[in-house]
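Participant: Structure file run_13.cif, mmCIF, C-alpha atoms and all ligand atoms, is pasted below:
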data_structure
#
loop_
_atom_site.group_PDB
_atom_site.id
_atom_site.type_symbol
_atom_site.label_atom_id
_atom_site.label_comp_id
_atom_site.auth_asym_id
_atom_site.auth_seq_id
_atom_site.Cartn_x
_atom_site.Cartn_y
_atom_site.Cartn_z
ATOM 1 C CA MET W 1 -70.903 -5.132 136.879
ATOM 2 C CA ALA W 2 -74.098 -5.342 138.835
ATOM 3 C CA ILE W 3 -76.012 -8.607 138.713
ATOM 4 C CA LYS W 4 -79.469 -8.863 137.227
ATOM 5 C CA THR W 5 -81.919 -9.709 139.999
ATOM 6 C CA ILE W 6 -84.382 -12.492 139.228
ATOM 7 C CA GLU W 7 -87.869 -10.956 139.140
ATOM 8 C CA LYS W 8 -89.927 -14.129 138.643
ATOM 9 C CA VAL W 9 -89.499 -17.845 138.103
ATOM 10 C CA LEU W 10 -92.485 -19.359 136.311
ATOM 11 C CA ALA W 11 -93.324 -23.063 136.238
ATOM 12 C CA PRO W 12 -94.756 -24.172 132.881
ATOM 13 C CA PRO W 13 -98.474 -23.307 132.762
ATOM 14 C CA PRO W 14 -100.873 -26.145 131.787
ATOM 15 C CA PRO W 15 -100.301 -27.007 128.101
ATOM 16 C CA HIS W 16 -102.771 -26.530 125.274
ATOM 17 C CA MET W 17 -102.746 -27.790 121.689
ATOM 18 C CA VAL W 18 -102.033 -25.575 118.695
ATOM 19 C CA GLY W 19 -103.623 -27.568 115.880
ATOM 20 C CA ASP W 20 -102.992 -31.245 116.607
ATOM 21 C CA GLY W 21 -99.187 -31.060 116.418
ATOM 22 C CA PHE W 22 -97.966 -28.580 118.979
ATOM 23 C CA ARG W 23 -98.571 -29.125 122.695
ATOM 24 C CA VAL W 24 -97.376 -25.861 124.205
ATOM 25 C CA HIS W 25 -97.042 -23.999 127.476
ATOM 26 C CA SER W 26 -97.651 -20.285 126.808
ATOM 27 C CA PHE W 27 -95.216 -18.319 128.956
ATOM 28 C CA LEU W 28 -95.923 -15.120 126.989
ATOM 29 C CA PRO W 29 -98.038 -13.083 126.895
ATOM 30 C CA GLY W 30 -99.398 -15.451 129.556
ATOM 31 C CA ASP W 31 -102.502 -15.119 131.669
ATOM 32 C CA GLY W 32 -101.896 -11.551 132.717
ATOM 33 C CA ARG W 33 -98.897 -12.320 134.893
ATOM 34 C CA LEU W 34 -96.402 -10.666 132.580
ATOM 35 C CA GLY W 35 -98.516 -8.681 130.140
ATOM 36 C CA LYS W 36 -98.008 -7.799 126.494
ATOM 37 C CA GLN W 37 -95.126 -5.349 126.929
ATOM 38 C CA ARG W 38 -93.005 -6.916 129.660
ATOM 39 C CA MET W 39 -90.743 -8.911 127.309
ATOM 40 C CA SER W 40 -90.938 -6.583 124.256
ATOM 41 C CA PRO W 41 -89.859 -7.124 121.496
ATOM 42 C CA PHE W 42 -90.705 -10.770 122.334
ATOM 43 C CA PHE W 43 -94.514 -10.916 122.378
ATOM 44 C CA LEU W 44 -95.370 -14.608 122.503
ATOM 45 C CA LEU W 45 -93.420 -17.570 123.805
ATOM 46 C CA ASP W 46 -94.959 -21.003 123.275
ATOM 47 C CA TYR W 47 -92.835 -23.781 124.714
ATOM 48 C CA GLY W 48 -93.464 -27.331 123.516
ATOM 49 C CA SER W 49 -91.897 -29.333 126.343
ATOM 50 C CA LYS W 50 -90.788 -32.883 125.529
ATOM 51 C CA VAL W 51 -93.630 -35.122 124.419
ATOM 52 C CA GLU W 52 -93.740 -38.437 122.568
ATOM 53 C CA PHE W 53 -95.875 -38.489 119.420
ATOM 54 C CA PRO W 54 -96.952 -41.935 118.127
ATOM 55 C CA PRO W 55 -96.360 -42.794 114.442
ATOM 56 C CA THR W 56 -98.945 -41.558 111.924
ATOM 57 C CA ASP W 57 -99.325 -41.376 108.139
ATOM 58 C CA THR W 58 -101.070 -37.984 108.417
ATOM 59 C CA PRO W 59 -98.621 -35.346 109.657
ATOM 60 C CA ARG W 60 -99.863 -33.448 112.702
ATOM 61 C CA GLY W 61 -99.662 -29.700 112.744
ATOM 62 C CA VAL W 62 -101.540 -26.500 112.170
ATOM 63 C CA GLY W 63 -103.198 -25.676 108.841
ATOM 64 C CA VAL W 64 -103.151 -22.545 106.711
ATOM 65 C CA HIS W 65 -103.372 -19.325 108.737
ATOM 66 C CA PRO W 66 -102.248 -15.695 108.332
ATOM 67 C CA HIS W 67 -99.755 -13.495 110.205
ATOM 68 C CA ARG W 68 -99.009 -9.766 109.990
ATOM 69 C CA GLY W 69 -96.819 -7.317 111.882
ATOM 70 C CA PHE W 70 -94.148 -9.548 113.410
ATOM 71 C CA GLU W 71 -91.748 -12.484 112.986
ATOM 72 C CA THR W 72 -92.226 -16.109 114.030
ATOM 73 C CA VAL W 73 -89.064 -17.819 115.253
ATOM 74 C CA THR W 74 -89.290 -21.591 115.610
ATOM 75 C CA ILE W 75 -86.549 -23.585 117.322
ATOM 76 C CA ALA W 76 -86.579 -27.386 117.013
ATOM 77 C CA TYR W 77 -84.945 -29.189 119.950
ATOM 78 C CA LYS W 78 -86.377 -32.677 119.236
ATOM 79 C CA GLY W 79 -88.172 -33.859 116.118
ATOM 80 C CA ARG W 80 -88.544 -32.205 112.714
ATOM 81 C CA ILE W 81 -90.892 -29.431 111.542
ATOM 82 C CA ALA W 82 -91.910 -28.537 107.975
ATOM 83 C CA HIS W 83 -93.145 -25.148 106.829
ATOM 84 C CA HIS W 84 -94.796 -23.701 103.700
ATOM 85 C CA ASP W 85 -95.865 -20.107 103.162
ATOM 86 C CA SER W 86 -97.650 -18.057 100.514
ATOM 87 C CA ALA W 87 -94.491 -16.049 99.789
ATOM 88 C CA GLY W 88 -93.063 -19.258 98.287
ATOM 89 C CA HIS W 89 -90.808 -20.292 101.156
ATOM 90 C CA HIS W 90 -90.575 -23.910 102.170
ATOM 91 C CA GLY W 91 -88.286 -25.495 104.695
ATOM 92 C CA VAL W 92 -87.691 -28.319 107.127
ATOM 93 C CA ILE W 93 -85.895 -27.783 110.395
ATOM 94 C CA GLY W 94 -84.501 -30.589 112.517
ATOM 95 C CA GLU W 95 -82.869 -30.878 115.916
ATOM 96 C CA GLY W 96 -80.905 -27.748 116.700
ATOM 97 C CA ASP W 97 -82.189 -25.731 113.723
ATOM 98 C CA VAL W 98 -84.122 -22.460 113.715
ATOM 99 C CA GLN W 99 -86.615 -21.038 111.271
ATOM 100 C CA TRP W 100 -86.905 -17.248 111.335
ATOM 101 C CA MET W 101 -89.940 -16.137 109.347
ATOM 102 C CA THR W 102 -90.656 -12.451 108.878
ATOM 103 C CA ALA W 103 -94.390 -12.175 108.267
ATOM 104 C CA ALA W 104 -94.275 -8.337 108.217
ATOM 105 C CA SER W 105 -96.969 -7.101 105.749
ATOM 106 C CA GLY W 106 -98.541 -10.523 105.769
ATOM 107 C CA LEU W 107 -98.569 -14.059 104.489
ATOM 108 C CA LEU W 108 -100.316 -17.365 104.927
ATOM 109 C CA HIS W 109 -98.424 -20.348 106.241
ATOM 110 C CA LYS W 110 -98.821 -23.853 107.616
ATOM 111 C CA GLU W 111 -96.629 -25.664 110.107
ATOM 112 C CA TYR W 112 -96.444 -29.460 110.350
ATOM 113 C CA HIS W 113 -94.373 -32.307 111.682
ATOM 114 C CA GLU W 114 -92.069 -33.338 108.843
ATOM 115 C CA GLU W 115 -93.311 -36.417 106.968
ATOM 116 C CA SER W 116 -90.670 -39.009 107.882
ATOM 117 C CA PHE W 117 -90.687 -37.876 111.520
ATOM 118 C CA SER W 118 -94.483 -38.251 111.496
ATOM 119 C CA ARG W 119 -94.230 -41.807 110.128
ATOM 120 C CA SER W 120 -91.668 -42.903 112.688
ATOM 121 C CA GLY W 121 -93.073 -40.858 115.585
ATOM 122 C CA GLY W 122 -90.847 -39.922 118.482
ATOM 123 C CA LEU W 123 -89.807 -37.294 120.917
ATOM 124 C CA PHE W 124 -90.800 -33.724 120.075
ATOM 125 C CA GLN W 125 -89.646 -30.510 121.745
ATOM 126 C CA MET W 126 -89.759 -26.997 120.305
ATOM 127 C CA VAL W 127 -90.147 -23.302 120.992
ATOM 128 C CA GLN W 128 -92.015 -20.680 119.001
ATOM 129 C CA ILE W 129 -91.362 -17.021 119.690
ATOM 130 C CA TRP W 130 -93.172 -14.058 118.151
ATOM 131 C CA VAL W 131 -90.742 -11.186 117.723
ATOM 132 C CA ASN W 132 -92.616 -7.913 117.326
ATOM 133 C CA LEU W 133 -91.591 -5.525 114.552
ATOM 134 C CA PRO W 134 -91.274 -1.756 114.979
ATOM 135 C CA ALA W 135 -94.069 0.260 113.312
ATOM 136 C CA LYS W 136 -91.848 1.374 110.442
ATOM 137 C CA HIS W 137 -91.160 -2.257 109.419
ATOM 138 C CA LYS W 138 -94.557 -3.877 110.012
ATOM 139 C CA MET W 139 -95.524 -3.533 106.340
ATOM 140 C CA ASP W 140 -92.171 -4.622 104.870
ATOM 141 C CA PRO W 141 -92.224 -7.566 102.428
ATOM 142 C CA PRO W 142 -92.187 -11.049 104.029
ATOM 143 C CA ALA W 143 -88.848 -12.840 104.387
ATOM 144 C CA TYR W 144 -87.536 -16.189 105.526
ATOM 145 C CA GLN W 145 -84.262 -17.235 107.138
ATOM 146 C CA GLU W 146 -83.389 -20.868 107.673
ATOM 147 C CA ILE W 147 -80.765 -20.881 110.400
ATOM 148 C CA THR W 148 -79.392 -24.385 110.539
ATOM 149 C CA HIS W 149 -77.371 -25.471 113.536
ATOM 150 C CA GLN W 150 -74.285 -25.359 111.320
ATOM 151 C CA LEU W 151 -74.806 -21.652 110.507
ATOM 152 C CA MET W 152 -75.025 -20.508 114.127
ATOM 153 C CA GLY W 153 -72.181 -18.654 115.776
ATOM 154 C CA LYS W 154 -70.357 -20.910 118.235
ATOM 155 C CA HIS W 155 -68.365 -19.799 121.253
ATOM 156 C CA LEU W 156 -66.623 -22.834 122.725
ATOM 157 C CA LEU W 157 -65.993 -22.981 126.462
ATOM 158 C CA PRO W 158 -62.597 -24.148 127.680
ATOM 159 C CA ASP W 159 -62.017 -27.783 128.665
ATOM 160 C CA GLN W 160 -64.932 -29.031 126.549
ATOM 161 C CA ASN W 161 -67.336 -27.577 129.092
ATOM 162 C CA GLY W 162 -69.851 -26.636 126.441
ATOM 163 C CA VAL W 163 -70.780 -24.113 123.813
ATOM 164 C CA VAL W 164 -72.763 -20.918 123.427
ATOM 165 C CA GLU W 165 -74.692 -21.132 120.148
ATOM 166 C CA ILE W 166 -75.507 -17.654 118.934
ATOM 167 C CA ILE W 167 -78.706 -17.452 116.870
ATOM 168 C CA ALA W 168 -78.920 -13.648 116.959
ATOM 169 C CA GLY W 169 -76.719 -10.942 118.421
ATOM 170 C CA ASN W 170 -73.150 -11.213 119.603
ATOM 171 C CA PHE W 171 -71.502 -13.181 122.406
ATOM 172 C CA ARG W 172 -67.906 -12.096 123.192
ATOM 173 C CA GLY W 173 -67.286 -11.171 119.558
ATOM 174 C CA THR W 174 -68.976 -14.180 117.947
ATOM 175 C CA ARG W 175 -72.016 -13.116 115.933
ATOM 176 C CA GLY W 176 -75.248 -14.976 115.222
ATOM 177 C CA PRO W 177 -76.539 -15.192 111.632
ATOM 178 C CA ALA W 178 -80.120 -13.889 112.155
ATOM 179 C CA ARG W 179 -80.983 -10.552 110.564
ATOM 180 C CA THR W 180 -83.116 -8.681 113.070
ATOM 181 C CA PHE W 181 -84.928 -5.337 112.899
ATOM 182 C CA THR W 182 -84.069 -4.305 116.468
ATOM 183 C CA PRO W 183 -81.240 -5.326 118.809
ATOM 184 C CA ILE W 184 -81.794 -8.916 119.962
ATOM 185 C CA GLU W 185 -79.587 -11.458 121.688
ATOM 186 C CA MET W 186 -80.747 -15.072 121.300
ATOM 187 C CA TYR W 187 -78.496 -17.955 122.357
ATOM 188 C CA ASN W 188 -78.594 -21.600 123.306
ATOM 189 C CA LEU W 189 -76.298 -22.283 126.249
ATOM 190 C CA LYS W 190 -75.239 -25.931 126.178
ATOM 191 C CA LEU W 191 -73.162 -26.644 129.278
ATOM 192 C CA ARG W 192 -71.757 -29.763 130.875
ATOM 193 C CA ALA W 193 -72.660 -30.483 134.503
ATOM 194 C CA GLY W 194 -70.473 -28.321 136.722
ATOM 195 C CA ALA W 195 -69.612 -25.790 134.025
ATOM 196 C CA THR W 196 -69.894 -22.091 134.799
ATOM 197 C CA LEU W 197 -70.515 -19.138 132.516
ATOM 198 C CA GLU W 198 -70.905 -15.379 132.968
ATOM 199 C CA LEU W 199 -73.149 -13.413 130.608
ATOM 200 C CA ASP W 200 -73.384 -9.641 130.260
ATOM 201 C CA LEU W 201 -76.637 -8.376 128.773
ATOM 202 C CA PRO W 202 -77.634 -4.691 128.737
ATOM 203 C CA ALA W 203 -79.576 -3.692 131.868
ATOM 204 C CA HIS W 204 -82.381 -2.012 129.905
ATOM 205 C CA TYR W 205 -83.010 -5.020 127.631
ATOM 206 C CA ASN W 206 -85.894 -7.305 128.521
ATOM 207 C CA THR W 207 -84.233 -10.585 129.456
ATOM 208 C CA ALA W 208 -85.491 -14.083 130.229
ATOM 209 C CA PHE W 209 -83.995 -17.591 130.253
ATOM 210 C CA LEU W 210 -85.906 -20.799 129.496
ATOM 211 C CA MET W 211 -84.616 -24.096 130.890
ATOM 212 C CA ILE W 212 -84.913 -26.456 127.921
ATOM 213 C CA GLN W 213 -82.975 -29.326 129.466
ATOM 214 C CA GLY W 214 -81.587 -29.961 132.925
ATOM 215 C CA ALA W 215 -81.186 -27.682 135.937
ATOM 216 C CA ALA W 216 -78.846 -24.820 136.807
ATOM 217 C CA GLU W 217 -78.164 -22.082 139.310
ATOM 218 C CA LEU W 218 -78.736 -18.611 137.882
ATOM 219 C CA ASN W 219 -77.199 -15.887 140.031
ATOM 220 C CA GLY W 220 -77.228 -18.379 142.907
ATOM 221 C CA THR W 221 -80.895 -19.430 142.552
ATOM 222 C CA SER W 222 -81.661 -23.057 141.653
ATOM 223 C CA ILE W 223 -83.865 -23.318 138.572
ATOM 224 C CA SER W 224 -85.729 -26.505 137.595
ATOM 225 C CA PRO W 225 -86.170 -27.945 134.093
ATOM 226 C CA ASP W 226 -88.839 -26.324 131.858
ATOM 227 C CA HIS W 227 -88.977 -23.181 134.020
ATOM 228 C CA PHE W 228 -88.929 -19.591 132.758
ATOM 229 C CA VAL W 229 -86.795 -16.987 134.518
ATOM 230 C CA LEU W 230 -87.513 -13.268 134.131
ATOM 231 C CA PHE W 231 -84.846 -10.737 135.109
ATOM 232 C CA GLN W 232 -85.190 -7.179 136.424
ATOM 233 C CA HIS W 233 -83.526 -4.176 134.769
ATOM 234 C CA ASP W 234 -81.133 -3.500 137.644
ATOM 235 C CA GLY W 235 -77.911 -4.975 136.276
ATOM 236 C CA GLU W 236 -76.076 -6.641 133.420
ATOM 237 C CA SER W 237 -74.583 -9.882 134.598
ATOM 238 C CA VAL W 238 -75.982 -13.381 134.959
ATOM 239 C CA SER W 239 -73.865 -16.225 136.282
ATOM 240 C CA VAL W 240 -74.789 -19.743 135.251
ATOM 241 C CA VAL W 241 -73.664 -22.843 137.124
ATOM 242 C CA ALA W 242 -74.855 -26.027 135.422
ATOM 243 C CA SER W 243 -76.201 -28.472 138.042
ATOM 244 C CA THR W 244 -76.636 -31.164 135.355
ATOM 245 C CA ASP W 245 -75.923 -31.119 131.636
ATOM 246 C CA VAL W 246 -78.103 -28.189 130.550
ATOM 247 C CA VAL W 247 -79.595 -26.461 127.553
ATOM 248 C CA ILE W 248 -80.820 -22.942 128.287
ATOM 249 C CA LEU W 249 -82.484 -20.569 125.795
ATOM 250 C CA VAL W 250 -81.431 -16.948 126.389
ATOM 251 C CA LEU W 251 -83.736 -14.175 125.145
ATOM 252 C CA SER W 252 -82.731 -10.543 125.540
ATOM 253 C CA GLY W 253 -83.837 -7.567 123.505
ATOM 254 C CA GLU W 254 -84.211 -3.818 123.439
ATOM 255 C CA PRO W 255 -87.856 -2.904 124.193
ATOM 256 C CA LEU W 256 -89.800 -1.362 121.284
ATOM 257 C CA ASP W 257 -91.670 1.203 123.397
ATOM 258 C CA GLU W 258 -94.631 1.374 120.970
ATOM 259 C CA PRO W 259 -98.339 0.662 121.542
ATOM 260 C CA ILE W 260 -99.506 -2.920 120.921
ATOM 261 C CA ALA W 261 -102.805 -3.937 119.335
ATOM 262 C CA ALA W 262 -102.933 -7.746 119.260
ATOM 263 C CA TYR W 263 -105.699 -9.867 117.783
ATOM 264 C CA GLY W 264 -105.232 -13.566 116.965
ATOM 265 C CA PRO W 265 -102.485 -13.847 114.328
ATOM 266 C CA PHE W 266 -102.072 -10.069 113.882
ATOM 267 C CA LEU W 267 -99.772 -7.849 115.922
ATOM 268 C CA MET W 268 -100.028 -4.146 115.161
ATOM 269 C CA ASN W 269 -99.846 -0.781 116.942
ATOM 270 C CA HIS W 270 -103.469 0.385 116.607
ATOM 271 C CA TRP W 271 -106.923 -1.191 116.274
ATOM 272 C CA SER W 272 -107.518 0.460 112.901
ATOM 273 C CA GLU W 273 -104.552 -1.593 111.626
ATOM 274 C CA ILE W 274 -106.089 -4.788 113.039
ATOM 275 C CA GLU W 275 -109.343 -3.994 111.245
ATOM 276 C CA GLN W 276 -107.340 -3.411 108.054
ATOM 277 C CA ALA W 277 -105.528 -6.741 108.504
ATOM 278 C CA ILE W 278 -108.838 -8.602 108.903
ATOM 279 C CA GLN W 279 -110.232 -6.872 105.815
ATOM 280 C CA ASP W 280 -107.077 -7.618 103.808
ATOM 281 C CA PHE W 281 -107.201 -11.271 104.897
ATOM 282 C CA ASN W 282 -110.885 -11.564 103.984
ATOM 283 C CA THR W 283 -110.229 -10.073 100.526
ATOM 284 C CA GLY W 284 -107.333 -12.424 99.721
ATOM 285 C CA LYS W 285 -104.487 -9.912 100.073
ATOM 286 C CA PHE W 286 -102.344 -12.368 102.067
ATOM 287 C CA GLY W 287 -101.848 -14.551 98.989
ATOM 288 C CA LEU W 288 -102.702 -18.163 98.312
ATOM 289 C CA LEU W 289 -101.632 -21.415 99.917
ATOM 290 C CA ASP W 290 -103.125 -24.888 99.440
ATOM 291 C CA ASP W 291 -104.121 -26.960 102.461
HETATM 292 MN MN MN M 1 -98.097 -19.545 112.449
#
What would you get if you wrote out this structure as C-alpha cells?
Ligand code: MN
Facilitator:
Amino acid sequence: MAIKTIEKVLAPPPPHMVGDGFRVHSFLPGDGRLGKQRMSPFFLLDYGSKVEFPPTDTPRGVGVHPHRGFETVTIAYKGRIAHHDSAGHHGVIGEGDVQWMTAASGLLHKEYHEESFSRSGGLFQMVQIWVNLPAKHKMDPPAYQEITHQLMGKHLLPDQNGVVEIIAGNFRGTRGPARTFTPIEMYNLKLRAGATLELDLPAHYNTAFLMIQGAAELNGTSISPDHFVLFQHDGESVSVVASTDVVILVLSGEPLDEPIAAYGPFLMNHWSEIEQAIQDFNTGKFGLLDD
C-alpha cells in the first residue's frame, strides 16, 4: 500500500483559556492554516497540554453554555473532568476515559474539574474534539456515551510493546465502543520506546495524529511532543516508530462534504439555521441547567 505523505506538522499554537479550567492550544479550525473543512468531520480540536493546577475549593471550568449540530468528545489524559447537561446526563471521566456527548438538536452543559481533583490540584492534560454531524442528524435528540478506559477496544502488540486503544472504529478486527453517525477511526496508540506499528487508514479519510506524550517517527519523519501531524490523501499506510515511550491520538474520518455555518457553540449547514439556533437558545428551547 502507498504511504500517506505528511502534509503539515504544526507546533502547538499559543494557548488560551476556555473558562478558567481549560488551557488549550486550538489546532482546529485554527487561524486559517487548515480551515473549517480540512479535517471534516472533525471541526474543532482543542488540546490541553500538560499543566499543573494548584489546589482550590472552587472547581475551575466553564459554566453553562449551549451546543447544537455536533458532538463534543472529551478525552482525559491527566486529571478528572465532571460534566452536567440539560438532557439529564452527568458524568466524571478520569485518566484514560472519554466522554462522547451528542449535542445534536441542542442542550446546555457545563464542564468542570472534578471536585476531589480540584481540592488536591495536580497535573491536567486533555483533548476536546468537535465531531460534526451530517445534516440529516443535526436535529436528532441529544445523547451521551461514557467510554471508560475499560470499555475501549484493545489490540495488544507482541512482546509487551504496547497497545492500540480503540475509542471508535476498528483496528485489525478489534472494534471501539463509540456509536458514531459517520465512519470515524479514533485510537490511542500507547507504544514502548523502540516499538513499531503499521496503520492502514483509507486514503480519502481526513487523517491527523496528535503527539500526546513522547516523540516518534511517522513515515520516517521525526515528530516532537505536543505536535499535530496532518496527512495528505495520497495513500493508506502510516508507519510509527516510537523514539521514546509514546501516546499518540489518531483521528481519521470520512469527510462530510456539506456546507458549514459555524457561530460560537453552534455548528450548522446554513446561516438561517444559526439564526434559528440563537432564537431557540434565547427562548429557552435548549432546556434548563443550574449554574
Ligand atoms: Mn461545551
Participant: List the residues matched by the PyMOL selection byres (((chain W and resi 176) around 12) and not hetatm) in the displayed structure as a ChimeraX atom specification, ordered by chain and then by residue number.
Facilitator: /W:98,147-155,164-175,177-180,183-188
Participant: Could you list, as a PyMOL selection string, every residue matched by the PyMOL selection byres (((chain W and resi 204-216) around 6) and not hetatm) in this structure?
Facilitator: chain W and resi 39+202-203+217+222-231+233+241-254
Participant: May I have the selected residues written with C-alpha atoms, as a short mmCIF file (atom, residue, chain, number, x, y, z; two decimals), in the frame of the given file?
Facilitator:
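Final output, out28.cif:
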data_model
loop_
_atom_site.label_atom_id
_atom_site.label_comp_id
_atom_site.auth_asym_id
_atom_site.auth_seq_id
_atom_site.Cartn_x
_atom_site.Cartn_y
_atom_site.Cartn_z
CA MET W 39 -90.74 -8.91 127.31
CA PRO W 202 -77.63 -4.69 128.74
CA ALA W 203 -79.58 -3.69 131.87
CA GLU W 217 -78.16 -22.08 139.31
CA SER W 222 -81.66 -23.06 141.65
CA ILE W 223 -83.86 -23.32 138.57
CA SER W 224 -85.73 -26.50 137.60
CA PRO W 225 -86.17 -27.94 134.09
CA ASP W 226 -88.84 -26.32 131.86
CA HIS W 227 -88.98 -23.18 134.02
CA PHE W 228 -88.93 -19.59 132.76
CA VAL W 229 -86.80 -16.99 134.52
CA LEU W 230 -87.51 -13.27 134.13
CA PHE W 231 -84.85 -10.74 135.11
CA HIS W 233 -83.53 -4.18 134.77
CA VAL W 241 -73.66 -22.84 137.12
CA ALA W 242 -74.86 -26.03 135.42
CA SER W 243 -76.20 -28.47 138.04
CA THR W 244 -76.64 -31.16 135.35
CA ASP W 245 -75.92 -31.12 131.64
CA VAL W 246 -78.10 -28.19 130.55
CA VAL W 247 -79.60 -26.46 127.55
CA ILE W 248 -80.82 -22.94 128.29
CA LEU W 249 -82.48 -20.57 125.80
CA VAL W 250 -81.43 -16.95 126.39
CA LEU W 251 -83.74 -14.18 125.14
CA SER W 252 -82.73 -10.54 125.54
CA GLY W 253 -83.84 -7.57 123.50
CA GLU W 254 -84.21 -3.82 123.44
#
Participant: Could you tell me which residues the PyMOL selection byres (((not hetatm)) within 12 of (chain M and resi 1)) grabs in this file, written as a PyMOL selection string?
Facilitator: chain W and resi 18-19+22+44+46+61-68+70-74+82-85+99-103+106-112+128-130+264-266
Participant: Keeping C-alpha atoms for every residue in the selection just given, could you write it to a file as an mmCIF file, in the coordinates of the input?
Facilitator:
data_model
loop_
_atom_site.group_PDB
_atom_site.id
_atom_site.type_symbol
_atom_site.label_atom_id
_atom_site.label_comp_id
_atom_site.auth_asym_id
_atom_site.auth_seq_id
_atom_site.Cartn_x
_atom_site.Cartn_y
_atom_site.Cartn_z
ATOM 1 C CA VAL W 18 -102.033 -25.575 118.695
ATOM 2 C CA GLY W 19 -103.623 -27.568 115.880
ATOM 3 C CA PHE W 22 -97.966 -28.580 118.979
ATOM 4 C CA LEU W 44 -95.370 -14.608 122.503
ATOM 5 C CA ASP W 46 -94.959 -21.003 123.275
ATOM 6 C CA GLY W 61 -99.662 -29.700 112.744
ATOM 7 C CA VAL W 62 -101.540 -26.500 112.170
ATOM 8 C CA GLY W 63 -103.198 -25.676 108.841
ATOM 9 C CA VAL W 64 -103.151 -22.545 106.711
ATOM 10 C CA HIS W 65 -103.372 -19.325 108.737
ATOM 11 C CA PRO W 66 -102.248 -15.695 108.332
ATOM 12 C CA HIS W 67 -99.755 -13.495 110.205
ATOM 13 C CA ARG W 68 -99.009 -9.766 109.990
ATOM 14 C CA PHE W 70 -94.148 -9.548 113.410
ATOM 15 C CA GLU W 71 -91.748 -12.484 112.986
ATOM 16 C CA THR W 72 -92.226 -16.109 114.030
ATOM 17 C CA VAL W 73 -89.064 -17.819 115.253
ATOM 18 C CA THR W 74 -89.290 -21.591 115.610
ATOM 19 C CA ALA W 82 -91.910 -28.537 107.975
ATOM 20 C CA HIS W 83 -93.145 -25.148 106.829
ATOM 21 C CA HIS W 84 -94.796 -23.701 103.700
ATOM 22 C CA ASP W 85 -95.865 -20.107 103.162
ATOM 23 C CA GLN W 99 -86.615 -21.038 111.271
ATOM 24 C CA TRP W 100 -86.905 -17.248 111.335
ATOM 25 C CA MET W 101 -89.940 -16.137 109.347
ATOM 26 C CA THR W 102 -90.656 -12.451 108.878
ATOM 27 C CA ALA W 103 -94.390 -12.175 108.267
ATOM 28 C CA GLY W 106 -98.541 -10.523 105.769
ATOM 29 C CA LEU W 107 -98.569 -14.059 104.489
ATOM 30 C CA LEU W 108 -100.316 -17.365 104.927
ATOM 31 C CA HIS W 109 -98.424 -20.348 106.241
ATOM 32 C CA LYS W 110 -98.821 -23.853 107.616
ATOM 33 C CA GLU W 111 -96.629 -25.664 110.107
ATOM 34 C CA TYR W 112 -96.444 -29.460 110.350
ATOM 35 C CA GLN W 128 -92.015 -20.680 119.001
ATOM 36 C CA ILE W 129 -91.362 -17.021 119.690
ATOM 37 C CA TRP W 130 -93.172 -14.058 118.151
ATOM 38 C CA GLY W 264 -105.232 -13.566 116.965
ATOM 39 C CA PRO W 265 -102.485 -13.847 114.328
ATOM 40 C CA PHE W 266 -102.072 -10.069 113.882
#
Participant: Quick one: what's the axis-aligned box for range 10-26 of chain W, all listed atoms, 6 Å on every side, centre and edges in Å to one decimal, as AutoDock Vina command-line options?
Facilitator:
--center_x -98.1 --center_y -25.3 --center_z 126.1 --size_x 23.1 --size_y 23.9 --size_z 32.4
Participant: Using all atoms listed in the file, can you tell me which of W:Phe43, W:Ile81, W:Val51, W:Gln37 comes closest to Pro15 in chain W?
Facilitator: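 Closest to Pro15 in chain W, using all atoms listed in the file: W:Val51.
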Participant: Identify which of the residues W:Lys36, W:Lys78, W:His90, W:Arg60 lies closest to Val131 in chain W, counting all atoms listed in the file when measuring atom-to-atom distances.
Facilitator: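 Nearest candidate to Val131 in chain W out of W:Lys36, W:Lys78, W:His90, W:Arg60: W:Lys36.
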Participant: Give me, please, the distance in Å between CA of Ala87 in chain W and CA of Ala104 in chain W, quoted to one decimal.
Facilitator: 11.4 Å
Participant: Which one is closest to Gly122 in chain W: W:Asp280, W:Glu95, W:Glu52, W:Glu7? Count only C-alpha atoms.
Facilitator: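 Using only C-alpha atoms, Gly122 in chain W sits closest to W:Glu52.
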Participant: Compile the contact shell of Glu273 in chain W as a list in words: residues with an atom at most 12 Å away, counting all atoms listed in the file, same-chain residues fewer than 4 positions apart removed.
Facilitator: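 That gives Arg68, Gly69, Ser105, Ala135, Lys138, Met139, Pro259, Ile260, Ala261, Ala262, Tyr263, Phe266, Leu267, Met268, Asn269, Ala277, Ile278, Gln279 and Asp280 of chain W.
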Participant: How far is it from CA of Asn282 in chain W to CA of Ser86 in chain W, in Å with one decimal?
Facilitator: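 Distance between the two atoms: 15.1 Å.
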Participant: Would you mind reading off the distance between CA of Leu201 in chain W and CA of Gln232 in chain W, one decimal, in Å?
Facilitator: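 One can read the CA of Leu201 in chain W to CA of Gln232 in chain W distance as 11.5 Å.
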Participant: When distances are computed from all atoms listed in the file, which of W:Pro134, W:Pro55, W:Gly284, W:Gly88 shows the smallest separation from Ser116 in chain W?
Facilitator: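 Among the listed residues, W:Pro55 lies closest to Ser116 in chain W.
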Participant: With distances taken over all atoms listed in the file, which of W:Asp200, W:Ser49, W:Glu146, W:Asp140 is nearest to Gly94 in chain W?
Facilitator: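 Ranking W:Asp200, W:Ser49, W:Glu146, W:Asp140 by distance to Gly94 in chain W, first place goes to W:Glu146.
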Participant: Write out as a list in words the residues lying within 9 Å of Pro59 in chain W, counting only C-alpha atoms and excluding same-chain residues fewer than 3 positions away.
Facilitator: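 Contacts, in chain order: Gly21, Thr56, Tyr112, His113, Glu114, Glu115, Ser116, Phe117, Ser118 and Arg119 of chain W.
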